[in-house]
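Take a look at the structure below.
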Amino acid sequence: MSMSDGERRNDVGVVGLGVMGRNLARNFASRGLKVGGYDRDVAAARALVAAHPEADLDVGGTLAEMVARLERPRRIVVLVPAGAPVDQVLDALDPLLDADDVVVDAGNSLFADTDRRNARADGRPWRFVGMGVSGGAEGALLGPSIMPGGDPEAWERLRPVLESIAAKSEYGPCVTYCGRGSAGHFVKMVHNGIEYGDMQLIAEAATLLRRGLGFSGGRTAETFLAWNQGELNSFLIEITADIFRTGDPQGPGLLVDAIMDRAGQKGTGRWTVQAALDLGVAIPTIAAAVDARVLSAGRELRVAAEGAFGRPTAQLSGATVADLADALYASKIASYTQGFAMLSVASATRDYGVDLAEVARIWTAGCIIRARFLGRVAEAFRGDPAPALLALAPDFAAELKRRVPAWRRVVAAATEAGVAVPGLAASLTWFDTLTTARGSANLIQAQRDYFGSHTYERLDAPGTFVHTDWPRGGDL
């Protein structure tokens with residue numbers, strides 16, 4: 001399709017005008033950009049144009065029409081469900097694109113799919129970018145945290161428009177080049193894994209307040225509001241306070257108490273755990289959060305099990321509200337340490353070139369895990385030398401050390417009361433394992449050598465692997 005000089009030329013095109021896509025398109029338009037769009041539901045797309053005339057969106061009746069009205073080299077952002085729909089859009093775009101056009105997959109794609117799409121783009125004249133976007137529908141409209149990776153030249157082409165729509169914090173626009181290959185989607189996946197951990201830890205703290213200490217919904221809300229004024233300040237703490245102040249519109253009590261305790265998941269937490277296993281990185285807080293969601297799905301089985309075994313009184317003894325705040329903060333440091341350790345290993349293993357300080361910086365606003373302490377995380381990773389683990393950075397190490405007694409009191413009291421705290425307990429166990437110079441793996445190595453001749457190293461000869469013919473039947 002040809003264009004005369006008088007026809008409109010758009011700065012960016014958005015393919016997929018669902019909740020996220022339409023809000024991102026409106027965000028682009030609010031920054032003074034001319035935005036083209038396409039959705040296979042043409043009627044819904046045109047209804048969007050009519051509902052938001054201020055955005056002056058230019059919706060094409062076909063994908064080819066949208067592409068033809070874009071300035072060259074083109075910038076096209078795809079926001080369709082992960083998996084086959086992304087490949088279908090790429091297939092449809094392929095014959096319509098020219099040299100140096102940039103196509104961005106801004107959905108929650110698995111990084112392995114992004115690797116495959118990068119390989120495909122290597123044989124095409126156009127460029128491909130896998131990009132994570134966090135902040136939900138509101139973030140897409142008002143300013144998300146954006147995590148692009150892949151082709152560095154494509155990033156430079158995208159940079160002005162992405163910086164214009166990204167959330168802004170005191171540290172700058174919440175977008176950065178995350179690294180080569182599938183780094184953008186890998187960073188977003190780890191973000192979501194940390195999000196799983198944060199949500200689980202907060203849910204456990206709320207349960208301990210209400211069931212363990214007998215707090216009302218109002219008092220629980222007040223506690224979270226107070227926590228949000230200090231070091232625990234974060235978006236998730238803030239919305240938790242709001243939740244415990246929201247009544248049930250269909251009856252007495254709180255809305256949260258009328259919600260089924262069966263947590264959903266879209267797969268990114270599970271992907272994080274699977275990738276961590278492949279990389280050989282321990283992320284027990286995040287894994288515990290994923291396991292907790294899986295267990296929550298079996299509600300009927302849990303009801304039957306409670307009937308069979310009964311429940312303790314659930315009264316928390318020996319732990320205070322201040323202890324809970326300390327345990328929650330310490331566990332948060334543990335969870336973020338695990339997530340950033342995973343990013344560090346993945347960057348080295350997969351040649352991403354991820355800047356951990358920059359990742360922490362762009363998470364300071366816009367995204368779901370935005371929190372006050374992420375600015376300090378960025379500063380820690382800019383140190384010279386940078387810490388091998390976030391928890392070993394001097395400031396964070398001091399904070400953890402100061403909170404360990406309260407952390408232990410909370411986990412012990414919860415265990416005695418029979419309140420499940422898989423996230424808090426896994427975080428503390430991770431800390432105890434990390435801080436034990438000589439653990440129990442020597443016995444495991446002896447067992448492996450006993451039954452499988454797998455060999456072991458001696459303390460007095462590290463690096464040398466030996467095997468022992470172990471005596472059997474107690475014959476010493």
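The chains in the structure tokens are called A, B, ... from first to last as shown; in each chain the residues are counted from 1, and the ligands are counted from 1 in the order shown.
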
9 Å contact set for A:Gly318, only C-alpha atoms, chain neighbours under 2 positions out, as a PDB file with N, CA and C atoms, in the first residue's frame:
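result21.pdb, written as the output of this step:
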```pdb
ATOM      1  N   LEU A 316      -0.635 -16.991  68.429  1.00  0.00           N
ATOM      2  CA  LEU A 316       0.795 -16.735  68.324  1.00  0.00           C
ATOM      3  C   LEU A 316       1.333 -16.309  69.691  1.00  0.00           C
ATOM      4  N   THR A 320       5.876 -10.537  68.533  1.00  0.00           N
ATOM      5  CA  THR A 320       5.140  -9.278  68.533  1.00  0.00           C
ATOM      6  C   THR A 320       4.935  -8.750  67.117  1.00  0.00           C
ATOM      7  N   ARG A 409      11.961 -15.902  66.236  1.00  0.00           N
ATOM      8  CA  ARG A 409      10.795 -15.940  67.115  1.00  0.00           C
ATOM      9  C   ARG A 409       9.504 -16.110  66.310  1.00  0.00           C
ATOM     10  N   VAL A 410       9.400 -15.407  65.197  1.00  0.00           N
ATOM     11  CA  VAL A 410       8.182 -15.482  64.387  1.00  0.00           C
ATOM     12  C   VAL A 410       8.003 -16.870  63.787  1.00  0.00           C
ATOM     13  N   ALA A 412       9.325 -19.725  64.758  1.00  0.00           N
ATOM     14  CA  ALA A 412       9.106 -20.703  65.826  1.00  0.00           C
ATOM     15  C   ALA A 412       7.688 -20.604  66.373  1.00  0.00           C
ATOM     16  N   ALA A 413       7.213 -19.364  66.603  1.00  0.00           N
ATOM     17  CA  ALA A 413       5.872 -19.183  67.143  1.00  0.00           C
ATOM     18  C   ALA A 413       4.815 -19.655  66.146  1.00  0.00           C
TER      19      ALA A 413
END
```

For this session: Mind giving me the straight-line distance from atom CA of A:Leu301 to atom CA of A:Thr285 in Å, one decimal?
Result: 24.1 Å

Exercise. DSSP says alpha helix (DSSP H) for which residues of stretch 274-431 of chain A? Put them as a ChimeraX atom specification?
Worked result: /A:274-279,284-297,299-309,321-350,356-362,374-381,394-417,422-431

For this session: Compare A:Arg270, A:Arg9, A:Arg219, A:His454 by their minimum atom-to-atom distance to A:Asp469, counting only C-alpha atoms, and give me the closest one.
Result: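 Between A:Arg270, A:Arg9, A:Arg219, A:His454, the residue approaching A:Asp469 most closely is A:His454.
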
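Compared by their closest atoms to A:Glu379, and using only C-alpha atoms, the residues A:Ala360, A:Ala391, A:Val102, A:Met147 rank with A:Ala360 nearest.
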
Exercise. Leaving out A:Gly172 and any residue of its chain fewer than 5 positions from it, which residues lie within 10 Å of it when counting only C-alpha atoms, given as a ChimeraX atom specification?
Worked result: /A:163,166-167,361-362,364-365
